[in-house]
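This is target07.txt. It holds compact mmCIF, C-alpha atoms.
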```txt
# COMPACT_ATOMS: atom_id res chain seq x y z
CA MET Z 1 -144.00 -20.00 79.45
CA SER Z 2 -140.84 -21.25 77.86
CA LYS Z 3 -137.86 -22.61 79.66
CA GLU Z 4 -134.79 -20.43 79.70
CA GLY Z 5 -131.49 -21.93 80.72
CA GLY Z 6 -127.78 -21.40 80.20
CA GLN Z 7 -127.30 -18.93 83.04
CA GLU Z 8 -123.99 -20.46 84.21
CA GLY Z 9 -124.24 -18.81 87.62
CA LYS Z 10 -124.09 -15.27 86.25
CA PRO Z 11 -126.26 -12.53 87.77
CA ALA Z 12 -129.26 -11.33 85.76
CA SER Z 13 -128.34 -8.44 83.49
CA TRP Z 14 -130.35 -5.27 83.43
CA ASN Z 15 -131.07 -5.74 79.72
CA ARG Z 16 -132.39 -9.26 80.19
CA VAL Z 17 -134.68 -8.13 83.01
CA ARG Z 18 -135.89 -5.08 81.08
CA THR Z 19 -136.64 -7.15 77.97
CA PHE Z 20 -138.55 -9.76 79.96
CA LEU Z 21 -140.61 -7.14 81.80
CA GLY Z 22 -141.48 -5.43 78.56
CA LYS Z 23 -142.70 -8.65 76.93
CA ASN Z 24 -144.47 -10.10 79.95
CA ALA Z 25 -145.64 -7.08 81.96
CA GLY Z 26 -149.33 -7.85 81.54
CA ARG Z 27 -149.05 -11.47 82.57
CA LEU Z 28 -146.97 -10.51 85.59
CA GLY Z 29 -149.41 -7.80 86.67
CA LEU Z 30 -147.29 -4.81 85.65
CA ARG Z 31 -148.88 -3.67 82.40
CA ARG Z 32 -149.22 0.08 82.27
CA ASP Z 33 -152.76 1.07 81.26
CA LYS Z 34 -153.80 -2.39 80.06
CA GLY Z 35 -153.24 -6.03 80.84
CA PRO Z 36 -154.81 -9.35 81.82
CA ASN Z 37 -155.56 -10.70 85.21
CA GLY Z 38 -152.03 -11.67 86.17
CA GLY Z 39 -153.57 -14.20 88.54
CA ALA Z 40 -151.74 -17.19 89.94
CA THR Z 41 -151.93 -20.61 88.37
CA GLY Z 42 -152.59 -22.50 91.58
CA ALA Z 43 -150.43 -24.62 93.85
CA ALA Z 44 -152.17 -27.76 92.70
CA ALA Z 45 -150.33 -27.54 89.39
CA SER Z 46 -147.10 -28.29 91.20
CA GLY Z 47 -148.38 -31.66 92.37
CA VAL Z 48 -148.22 -30.61 96.02
CA SER Z 49 -151.42 -29.85 97.90
CA PRO Z 50 -151.89 -26.94 100.31
CA GLN Z 51 -152.47 -29.49 103.06
CA GLN Z 52 -148.98 -30.83 102.46
CA THR Z 53 -147.34 -27.44 102.21
CA GLY Z 54 -149.26 -25.22 104.64
CA HIS Z 55 -146.10 -24.30 106.51
CA LEU Z 56 -142.82 -22.55 105.79
CA GLY Z 57 -140.78 -25.70 105.38
CA ARG Z 58 -137.57 -24.97 107.26
CA VAL Z 59 -139.04 -21.97 109.07
CA ARG Z 60 -140.19 -23.71 112.25
CA ARG Z 61 -140.35 -22.97 115.94
CA GLY Z 62 -136.99 -23.42 117.54
CA SER Z 63 -135.12 -23.33 114.24
CA ALA Z 64 -132.08 -21.13 113.95
CA THR Z 65 -130.18 -19.33 111.26
CA PRO Z 66 -126.37 -19.13 111.63
CA GLY Z 67 -125.28 -15.77 112.92
CA THR Z 68 -126.72 -13.30 115.37
CA PRO Z 69 -128.89 -10.28 114.52
CA THR Z 70 -127.25 -6.96 115.16
CA GLY Z 71 -130.12 -5.35 117.08
CA VAL Z 72 -132.73 -5.93 119.73
CA HIS Z 73 -136.04 -4.12 119.45
CA ALA Z 74 -137.28 -1.74 122.07
CA ASN Z 75 -139.97 -4.02 123.46
CA GLY Z 76 -137.17 -6.10 124.94
CA ASP Z 77 -137.45 -8.90 122.38
CA SER Z 78 -134.89 -10.16 119.96
CA PRO Z 79 -136.15 -9.89 116.38
CA GLN Z 80 -136.24 -13.69 116.41
CA ALA Z 81 -139.80 -14.57 117.43
CA SER Z 82 -140.05 -15.83 121.00
CA TYR Z 83 -143.77 -16.54 121.08
CA SER Z 84 -144.77 -20.22 121.25
CA PRO Z 85 -148.52 -20.64 120.73
CA PRO Z 86 -150.44 -23.66 121.92
CA GLU Z 87 -150.89 -26.37 119.33
CA ASP Z 88 -154.67 -25.98 119.41
CA ASP Z 89 -154.85 -22.27 118.55
CA HIS Z 90 -157.44 -22.87 115.82
CA ARG Z 91 -159.55 -25.28 117.90
CA ALA Z 92 -159.51 -22.91 120.87
CA GLY Z 93 -160.93 -20.13 118.71
CA VAL Z 94 -157.90 -17.89 119.15
CA ASP Z 95 -157.75 -15.12 116.56
CA PRO Z 96 -154.66 -16.00 114.46
CA SER Z 97 -154.08 -12.31 113.74
CA ASP Z 98 -153.56 -11.54 117.44
CA THR Z 99 -151.81 -14.58 118.91
CA SER Z 100 -148.27 -13.15 118.70
CA VAL Z 101 -149.07 -9.94 120.61
CA ARG Z 102 -148.61 -10.66 124.30
CA PRO Z 103 -150.57 -8.88 127.07
CA GLU Z 104 -147.58 -6.97 128.42
CA GLN Z 105 -146.76 -5.77 124.90
CA GLN Z 106 -150.35 -4.55 124.46
CA HIS Z 107 -150.20 -2.72 127.80
CA ARG Z 108 -146.98 -0.89 126.86
CA LEU Z 109 -148.43 0.06 123.49
CA VAL Z 110 -151.56 1.52 125.09
CA GLN Z 111 -149.36 3.67 127.34
CA VAL Z 112 -147.43 4.96 124.31
CA LEU Z 113 -150.62 5.75 122.37
CA GLU Z 114 -152.21 7.62 125.28
CA ALA Z 115 -149.26 9.94 125.84
CA ASP Z 116 -149.91 13.63 125.22
CA GLU Z 117 -146.93 13.76 122.85
CA LEU Z 118 -146.30 10.41 121.20
CA GLU Z 119 -142.76 9.42 120.26
CA VAL Z 120 -142.63 7.58 116.95
CA GLY Z 121 -138.87 7.01 117.04
CA GLU Z 122 -136.98 4.34 115.10
CA THR Z 123 -137.39 0.57 115.08
CA THR Z 124 -134.65 0.20 117.71
CA SER Z 125 -136.10 2.90 119.99
CA SER Z 126 -138.69 2.79 122.76
CA GLY Z 127 -141.13 4.72 120.59
CA LEU Z 128 -144.00 3.55 118.44
CA ARG Z 129 -141.91 1.98 115.68
CA GLY Z 130 -139.96 -0.10 118.16
CA MET Z 131 -143.20 -1.22 119.83
CA CYS Z 132 -145.01 -2.11 116.62
CA TRP Z 133 -142.19 -3.81 114.71
CA SER Z 134 -143.03 -7.17 116.30
CA GLY Z 135 -146.76 -6.84 115.59
CA ILE Z 136 -149.71 -4.65 116.53
CA PRO Z 137 -152.86 -5.77 118.41
CA ARG Z 138 -155.76 -5.82 115.99
CA GLN Z 139 -157.80 -3.36 118.07
CA ARG Z 140 -154.99 -0.78 117.84
CA ARG Z 141 -153.74 -1.47 114.33
CA ALA Z 142 -155.70 1.21 112.46
CA GLN Z 143 -154.51 4.03 114.72
CA CYS Z 144 -150.93 2.74 114.69
CA TRP Z 145 -150.90 2.55 110.89
CA ARG Z 146 -152.16 6.12 110.62
CA LEU Z 147 -149.40 7.25 112.98
CA LEU Z 148 -146.68 5.20 111.30
CA CYS Z 149 -147.65 6.70 107.93
CA GLY Z 150 -147.31 10.20 109.35
CA TYR Z 151 -151.00 10.85 108.72
CA GLU Z 152 -152.32 11.04 112.28
CA PRO Z 153 -150.57 13.71 114.41
CA VAL Z 154 -148.35 12.60 117.27
CA THR Z 155 -149.72 15.38 119.48
CA ARG Z 156 -152.88 14.13 121.15
CA ASP Z 157 -154.66 17.52 121.26
CA ARG Z 158 -154.22 18.01 117.51
CA ARG Z 159 -155.39 14.61 116.28
CA GLU Z 160 -159.11 15.19 115.94
CA ALA Z 161 -158.81 18.54 114.16
CA ASP Z 162 -155.96 17.50 111.86
CA LEU Z 163 -157.62 14.24 110.83
CA ALA Z 164 -160.85 16.09 110.10
CA ARG Z 165 -158.94 18.58 107.95
CA LYS Z 166 -157.14 15.85 105.94
CA ARG Z 167 -160.36 13.90 105.45
CA ALA Z 168 -162.08 17.03 104.18
CA GLU Z 169 -159.12 17.67 101.88
CA PHE Z 170 -159.53 14.24 100.32
CA GLN Z 171 -163.23 14.87 99.75
CA SER Z 172 -162.25 18.07 97.93
CA TYR Z 173 -159.98 15.94 95.72
CA VAL Z 174 -162.98 13.80 94.82
CA THR Z 175 -164.61 16.87 93.34
CA GLN Z 176 -161.46 18.38 91.90
CA TYR Z 177 -159.94 15.28 90.31
CA TYR Z 178 -162.33 12.34 90.22
CA SER Z 179 -165.61 14.06 89.36
CA ALA Z 180 -163.88 16.32 86.87
CA ALA Z 181 -162.15 13.35 85.24
CA ASN Z 182 -165.48 11.59 84.82
CA GLN Z 183 -167.05 14.70 83.39
CA ASP Z 184 -164.48 15.53 80.72
CA GLY Z 185 -162.88 12.09 80.20
CA TRP Z 186 -159.43 13.46 81.07
CA MET Z 187 -158.18 10.11 82.45
CA GLY Z 188 -158.80 8.29 79.18
CA ASP Z 189 -157.39 4.77 78.97
CA SER Z 190 -155.95 4.83 82.50
CA GLN Z 191 -159.36 5.07 84.10
CA LYS Z 192 -160.61 2.28 81.85
CA VAL Z 193 -157.78 0.04 83.06
CA ILE Z 194 -158.49 0.92 86.69
CA LYS Z 195 -162.12 -0.10 86.15
CA LYS Z 196 -160.94 -3.43 84.70
CA ASP Z 197 -158.42 -4.09 87.46
CA ILE Z 198 -160.64 -3.36 90.45
CA PRO Z 199 -162.92 -6.44 90.07
CA ARG Z 200 -159.75 -8.57 90.05
CA THR Z 201 -158.82 -7.23 93.49
CA ALA Z 202 -159.65 -9.64 96.36
CA PRO Z 203 -161.92 -11.54 93.92
CA ASN Z 204 -163.01 -14.17 96.46
CA LEU Z 205 -164.26 -11.73 99.10
CA PRO Z 206 -167.80 -10.41 98.47
CA PHE Z 207 -167.21 -7.36 100.66
CA PHE Z 208 -164.45 -6.08 98.37
CA GLN Z 209 -166.51 -6.97 95.29
CA HIS Z 210 -169.42 -4.78 96.38
CA LYS Z 211 -170.00 -1.89 93.96
CA LYS Z 212 -169.68 0.76 96.69
CA VAL Z 213 -166.36 -0.63 97.91
CA GLN Z 214 -165.10 -0.86 94.34
CA ALA Z 215 -166.10 2.77 93.86
CA MET Z 216 -163.80 3.59 96.80
CA TYR Z 217 -160.92 1.84 95.02
CA GLU Z 218 -161.65 3.76 91.84
CA ARG Z 219 -161.70 7.17 93.50
CA ILE Z 220 -158.46 6.49 95.40
CA LEU Z 221 -156.61 5.25 92.31
CA VAL Z 222 -157.90 7.88 89.89
CA ILE Z 223 -157.11 10.72 92.28
CA TRP Z 224 -153.62 9.38 93.00
CA ALA Z 225 -152.90 8.93 89.28
CA GLN Z 226 -154.08 12.45 88.45
CA ARG Z 227 -151.95 13.93 91.22
CA HIS Z 228 -148.90 11.95 90.06
CA PRO Z 229 -148.95 12.29 86.27
CA ALA Z 230 -145.28 11.31 85.86
CA THR Z 231 -146.12 7.84 87.11
CA GLY Z 232 -149.83 7.49 86.51
CA TYR Z 233 -151.68 4.31 87.28
CA VAL Z 234 -149.81 1.01 86.93
CA GLN Z 235 -151.37 -2.39 87.31
CA GLY Z 236 -150.69 -3.75 90.80
CA MET Z 237 -151.35 -0.46 92.57
CA ASN Z 238 -154.95 -1.58 93.07
CA ASP Z 239 -153.74 -4.42 95.30
CA LEU Z 240 -151.85 -2.01 97.56
CA VAL Z 241 -155.07 -0.22 98.49
CA THR Z 242 -156.64 -3.41 99.89
CA PRO Z 243 -154.73 -3.73 103.20
CA PHE Z 244 -155.52 -0.13 104.11
CA LEU Z 245 -159.23 -0.49 103.34
CA TYR Z 246 -159.31 -3.73 105.34
CA VAL Z 247 -157.50 -2.42 108.42
CA PHE Z 248 -159.31 0.90 108.60
CA ALA Z 249 -162.75 -0.61 107.94
CA ALA Z 250 -162.14 -3.35 110.52
CA GLU Z 251 -161.61 -0.68 113.16
CA GLU Z 252 -165.40 -0.51 113.59
CA MET Z 253 -166.94 -2.96 111.12
CA ASP Z 254 -167.56 -6.72 111.30
CA ARG Z 255 -164.36 -8.48 110.24
CA GLU Z 256 -166.12 -11.81 109.85
CA VAL Z 257 -168.35 -10.41 107.12
CA MET Z 258 -165.43 -8.64 105.44
CA LEU Z 259 -163.27 -11.77 105.36
CA SER Z 260 -165.93 -14.36 104.54
CA GLU Z 261 -165.97 -15.89 101.08
CA LYS Z 262 -169.50 -17.28 101.54
CA VAL Z 263 -171.31 -14.39 103.20
CA ALA Z 264 -174.78 -13.64 101.84
CA PRO Z 265 -174.98 -10.59 99.54
CA GLU Z 266 -177.70 -9.03 101.67
CA GLU Z 267 -175.46 -9.26 104.73
CA VAL Z 268 -172.70 -7.36 102.92
CA GLU Z 269 -175.24 -4.83 101.70
CA GLN Z 270 -176.50 -4.27 105.22
CA LEU Z 271 -172.99 -3.87 106.65
CA ILE Z 272 -172.12 -1.25 104.05
CA GLU Z 273 -175.42 0.57 104.41
CA ASP Z 274 -175.07 0.72 108.20
CA ASN Z 275 -171.55 2.14 107.92
CA ALA Z 276 -171.92 4.51 104.95
CA ALA Z 277 -170.62 7.57 106.80
CA PHE Z 278 -167.77 5.65 108.40
CA LEU Z 279 -166.67 4.28 105.00
CA GLN Z 280 -166.06 7.85 103.85
CA VAL Z 281 -163.54 8.15 106.68
CA VAL Z 282 -162.03 4.78 105.72
CA GLU Z 283 -161.62 5.90 102.12
CA SER Z 284 -159.88 9.14 103.09
CA ASP Z 285 -157.52 7.39 105.51
CA ALA Z 286 -156.72 4.68 102.97
CA TYR Z 287 -155.87 7.28 100.32
CA TRP Z 288 -153.41 9.21 102.47
CA CYS Z 289 -151.66 6.08 103.77
CA PHE Z 290 -151.55 4.56 100.27
CA ASN Z 291 -149.95 7.81 99.10
CA HIS Z 292 -147.36 7.55 101.89
CA LEU Z 293 -146.53 3.94 100.97
CA LEU Z 294 -146.01 4.71 97.29
CA ASP Z 295 -143.60 7.51 98.16
CA HIS Z 296 -141.13 4.77 99.17
CA ILE Z 297 -141.61 2.44 96.18
CA GLN Z 298 -142.55 4.72 93.31
CA ASP Z 299 -139.54 3.53 91.29
CA ASN Z 300 -141.32 0.16 91.01
CA TYR Z 301 -143.89 1.84 88.78
CA THR Z 302 -142.04 4.45 86.75
CA GLU Z 303 -140.87 3.80 83.18
CA ASN Z 304 -139.02 0.46 82.87
CA GLN Z 305 -139.68 -0.28 86.58
CA PRO Z 306 -136.05 0.36 87.73
CA GLY Z 307 -136.91 -0.51 91.33
CA ILE Z 308 -138.13 -3.97 90.33
CA GLN Z 309 -135.19 -4.53 88.00
CA GLN Z 310 -132.76 -3.72 90.80
CA LYS Z 311 -134.48 -6.08 93.24
CA LEU Z 312 -134.53 -8.95 90.73
CA CYS Z 313 -130.79 -8.67 90.23
CA LYS Z 314 -130.05 -8.39 93.94
CA TYR Z 315 -132.37 -11.30 94.79
CA GLU Z 316 -130.60 -13.60 92.33
CA GLU Z 317 -127.22 -12.86 93.90
CA LEU Z 318 -128.52 -13.16 97.46
CA LEU Z 319 -130.18 -16.51 96.87
CA ARG Z 320 -126.89 -17.95 95.60
CA GLN Z 321 -125.20 -16.89 98.83
CA VAL Z 322 -127.98 -17.92 101.20
CA ASP Z 323 -128.82 -21.29 99.60
CA ALA Z 324 -126.46 -22.23 96.78
CA LYS Z 325 -128.06 -25.64 96.29
CA LEU Z 326 -131.54 -24.22 95.82
CA ALA Z 327 -130.26 -21.43 93.56
CA ALA Z 328 -128.41 -23.98 91.40
CA HIS Z 329 -131.53 -26.16 91.13
CA LEU Z 330 -133.72 -23.23 90.09
CA GLU Z 331 -131.15 -22.20 87.48
CA SER Z 332 -130.79 -25.77 86.18
CA GLN Z 333 -134.56 -25.85 85.67
CA GLY Z 334 -134.55 -22.48 83.94
CA VAL Z 335 -136.62 -20.82 86.68
CA LEU Z 336 -135.67 -17.14 86.67
CA PRO Z 337 -136.65 -14.93 89.62
CA MET Z 338 -138.72 -12.76 87.31
CA TYR Z 339 -141.18 -15.64 86.82
CA TYR Z 340 -142.46 -15.29 90.37
CA LEU Z 341 -140.71 -12.42 92.17
CA VAL Z 342 -142.19 -9.55 90.15
CA ARG Z 343 -145.58 -9.90 91.81
CA TYR Z 344 -144.06 -10.39 95.28
CA VAL Z 345 -142.27 -7.05 94.83
CA SER Z 346 -144.89 -5.03 92.99
CA CYS Z 347 -147.84 -6.11 95.17
CA LEU Z 348 -145.98 -6.56 98.49
CA PHE Z 349 -147.47 -10.04 99.05
CA VAL Z 350 -151.08 -8.83 98.84
CA ARG Z 351 -151.92 -11.73 96.52
CA GLU Z 352 -149.84 -14.24 98.48
CA PHE Z 353 -151.18 -13.97 102.05
CA PRO Z 354 -154.66 -13.86 103.63
CA LEU Z 355 -155.50 -10.36 104.84
CA PRO Z 356 -155.06 -10.99 108.61
CA LEU Z 357 -151.56 -12.38 108.02
CA LEU Z 358 -150.77 -9.70 105.49
CA ALA Z 359 -151.71 -7.04 108.04
CA ARG Z 360 -149.19 -8.55 110.48
CA LEU Z 361 -146.49 -8.47 107.80
CA TRP Z 362 -147.30 -4.88 106.91
CA ASP Z 363 -147.02 -3.88 110.59
CA THR Z 364 -143.30 -4.40 110.19
CA PHE Z 365 -143.13 -2.85 106.73
CA LEU Z 366 -144.72 0.40 107.94
CA CYS Z 367 -142.37 0.52 110.93
CA GLU Z 368 -139.37 0.29 108.61
CA GLN Z 369 -140.36 3.43 106.67
CA GLY Z 370 -138.11 3.86 103.63
CA SER Z 371 -136.06 0.80 104.60
CA PHE Z 372 -138.89 -1.68 104.17
CA PRO Z 373 -138.17 -2.49 100.47
CA ASP Z 374 -134.81 -3.91 101.55
CA LEU Z 375 -136.34 -6.01 104.35
CA HIS Z 376 -139.06 -7.11 101.94
CA LEU Z 377 -136.41 -8.53 99.63
CA TYR Z 378 -134.95 -10.62 102.47
CA ILE Z 379 -138.45 -11.82 103.34
CA CYS Z 380 -138.71 -13.06 99.75
CA ILE Z 381 -135.44 -14.94 100.25
CA ALA Z 382 -136.54 -16.40 103.59
CA LEU Z 383 -139.90 -17.43 102.18
CA VAL Z 384 -138.47 -19.26 99.17
CA LYS Z 385 -135.67 -20.81 101.21
CA GLY Z 386 -138.24 -22.10 103.67
CA TRP Z 387 -139.74 -24.26 100.93
CA ALA Z 388 -136.37 -25.44 99.61
CA ASP Z 389 -136.90 -29.12 100.45
CA MET Z 390 -140.06 -29.23 98.34
CA LEU Z 391 -138.75 -27.06 95.53
CA LEU Z 392 -135.69 -29.29 95.12
CA MET Z 393 -138.03 -32.16 94.20
CA MET Z 394 -139.89 -30.20 91.50
CA ASP Z 395 -139.25 -29.49 87.85
CA PHE Z 396 -139.70 -26.21 85.99
CA ALA Z 397 -143.49 -26.34 85.71
CA GLY Z 398 -143.99 -27.42 89.31
CA ILE Z 399 -141.65 -24.77 90.72
CA VAL Z 400 -143.24 -21.92 88.78
CA ALA Z 401 -146.78 -23.02 89.67
CA PHE Z 402 -145.83 -23.39 93.33
CA LEU Z 403 -144.07 -20.04 93.66
CA GLN Z 404 -146.73 -18.15 91.72
CA SER Z 405 -149.37 -19.46 94.11
CA PRO Z 406 -147.58 -20.33 97.38
CA PRO Z 407 -149.60 -22.29 99.97
CA THR Z 408 -149.88 -19.62 102.64
CA ASP Z 409 -153.57 -19.88 103.54
CA THR Z 410 -152.99 -22.26 106.47
CA LEU Z 411 -150.20 -20.29 108.12
CA MET Z 412 -150.49 -18.79 111.61
CA THR Z 413 -149.25 -15.44 112.82
CA TRP Z 414 -146.37 -16.96 114.78
CA GLN Z 415 -145.06 -18.35 111.48
CA ILE Z 416 -145.13 -14.86 109.98
CA ASP Z 417 -143.21 -13.67 113.05
CA GLU Z 418 -140.56 -16.31 112.40
CA LEU Z 419 -140.44 -15.47 108.71
CA ILE Z 420 -139.76 -11.83 109.54
CA ALA Z 421 -137.16 -12.85 112.14
CA ARG Z 422 -135.34 -15.03 109.62
CA ALA Z 423 -135.40 -12.23 107.08
CA PHE Z 424 -133.99 -9.82 109.66
CA GLN Z 425 -131.19 -12.25 110.45
CA LEU Z 426 -130.37 -12.71 106.77
CA GLN Z 427 -130.39 -8.95 106.29
CA SER Z 428 -127.98 -8.53 109.20
CA LEU Z 429 -125.67 -11.20 107.81
CA TYR Z 430 -125.63 -10.32 104.14
CA ARG Z 431 -126.49 -6.62 103.82
CA GLU Z 432 -122.87 -5.53 104.01
CA SER Z 433 -121.57 -8.36 101.84
CA SER Z 434 -119.37 -6.96 99.10
CA ALA Z 435 -120.43 -9.86 96.88
CA VAL Z 436 -123.97 -8.58 96.64
CA THR Z 437 -124.23 -5.94 93.94
CA THR Z 438 -127.23 -4.14 92.52
CA GLU Z 439 -125.71 -2.67 89.42
```
So, in terms of structure tokens, how does the structure I just supplied come out?
Amino acid sequence: MSKEGGQEGKPASWNRVRTFLGKNAGRLGLRRDKGPNGGATGAAASGVSPQQTGHLGRVRRGSATPGTPTGVHANGDSPQASYSPPEDDHRAGVDPSDTSVRPEQQHRLVQVLEADELEVGETTSSGLRGMCWSGIPRQRRAQCWRLLCGYEPVTRDRREADLARKRAEFQSYVTQYYSAANQDGWMGDSQKVIKKDIPRTAPNLPFFQHKKVQAMYERILVIWAQRHPATGYVQGMNDLVTPFLYVFAAEEMDREVMLSEKVAPEEVEQLIEDNAAFLQVVESDAYWCFNHLLDHIQDNYTENQPGIQQKLCKYEELLRQVDAKLAAHLESQGVLPMYYLVRYVSCLFVREFPLPLLARLWDTFLCEQGSFPDLHLYICIALVKGWADMLLMMDFAGIVAFLQSPPTDTLMTWQIDELIARAFQLQSLYRESSAVTTE
């Protein structure tokens, strides 16, 4: 990767971004119909170990960002995280994916879910979105995600019948689109690329590498691509299926086996065999919620990726306003946002965070509906700004290696809460700034 300087504080032009994406799409995980792994280079290349950087730098308990958020969420909490976990969360065996959801919050959520007519509402309302914005208890996450995606009916009496109908509809798609595509070769190169990309998805987790789970990925992606021919399959979509498969499978299956990197193959085989019928339900639910998600970000995958281009330009301007010193250092080293931000945007952090933490982050994304791409951009800003002290000590190679493989594997859920809170604050402060342009 060559160094590219001489930016002189100017925002990235659309032509520069488009040219870079065209030349480097495969390496960045955006190649349409073909491309290499797009995997990260590893934090070790930056000269900083994960043990040294397993935190968000400036994003710490008790820290504050100048300015006050403009809203308070319906659970009575400010968007700034108020939870303070004990220092020995790991040693006490506390599930890091649940520690930020307090008992009273869980109780209120149960009451909402058990209502005959559930109110979804907005993130600032007393409905489901307002309740879930600050995190969902693991035991209730699958149902909440189905509701937030508009897939599970809000009327309690209709849920069982409507879910059964939608699941049966997906199975009909398997015959109509997937089986037919395999029979006549209609998908051509796209299906070949899907088959290449799937083994690169969650490569360290044997559960997701099992042939039957990979077949679920293939059916979901082939069917979606056939039903959306204007977009088709684009590399990176495979990653977006993973959180849905994880959350919906974990509703009844053993999470420890699913998340273990060292689990015995026969244990994975037994888990899948014992849950064969349930995995059909998981696959159907994952397809419909994946479809809902892509409705909001499809411009990231259409010709020339206009959604990604727009976010790269806006990110560059925002970073200059939020942390001018860091932005100047990155520019002086020739580190353009496109070197690391493309994957953050196209894969929604699936490759950056462990699945339990990613699920917490996606709780908020799904609550935001069509607004989540904007909040996601501010999370990118908050994340990079949180490591500013370390990045300011690195050169071009170290910065790129670090940001392409950020050390997130030691984070706790309360740190994700604070990251989201900081992003919300930044969004409240800078969203209306006339200096931030996207054209």
Nearby residues (all atoms listed in the file) at most 8 Å from Tyr246 in chain Z, same-chain spacing under 4 positions excluded, as a list in words: Thr242, Ala250, Met258 and Leu355 of chain Z
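Residues in contact range of Lys385 in chain Z, defined as at most 12 Å between only C-alpha atoms, with sequence neighbours fewer than 6 positions away removed, read Leu56, Gly57, Arg58, Val59, Thr65, Tyr315, Leu318, Leu319, Arg320, Gln321, Val322, Asp323, Ala324, Lys325, Leu326, Ala327, Leu330, Tyr378, Ile379, Leu391, Leu392, Leu403, Leu419, Arg422, Ala423 and Leu426 of chain Z.
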Got a sec: who's within 12 Å of Pro356 in chain Z, counting all atoms listed in the file, leaving out chain neighbours fewer than 4 positions off, as a ChimeraX atom specification? /Z:95-99,135-138,141,242-244,246-247,250,255-256,258-259,350,352,360-363,408-413,416
For Thr175 in chain Z, which residue out of Z:Pro229, Z:Arg219, Z:Pro206, Z:Ser405 is the nearest one, using all atoms listed in the file? Z:Arg219
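Candidate residues Z:Gln270, Z:Asn300, Z:Asn275, Z:Gln280 were compared for distance to Thr231 in chain Z, and the nearest is Z:Asn300, using only C-alpha atoms.
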As a check of understanding: the span from CA of Gln427 in chain Z to CA of Pro373 in chain Z is 11.7 Å
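A straight line drawn from CA of Leu148 in chain Z to CA of Arg351 in chain Z is 23.1 Å long.
Computed from the coordinates, the CA of Cys313 in chain Z to CA of Val234 in chain Z distance equals 21.6 Å.
Closest approach to Leu366 in chain Z from the set Z:Tyr430, Z:Tyr217, Z:Phe353, Z:Phe290 is made by Z:Phe290, with distances taken over only C-alpha atoms.
Nearest residue to Arg158 in chain Z, choosing from Z:Leu118, Z:Cys132, Z:Leu271, Z:Met393 and counting only C-alpha atoms: Z:Leu118.
With distances restricted to all atoms listed in the file, Z:Asp374 is the closest residue to Gly307 in chain Z from Z:Asp197, Z:Glu122, Z:Asp374, Z:Asp395.
Ranking Z:Ala164, Z:Ile194, Z:Leu240, Z:Val400 by their shortest atom-to-atom distance to Gly334 in chain Z, with all atoms listed in the file included, puts Z:Val400 first.
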What's around Ala249 in chain Z at 8 Å? Count only C-alpha atoms, leave out sequence neighbours fewer than 3 positions away in its own chain, and write the answer as a ChimeraX atom specification. /Z:245-246,252-253,279,282
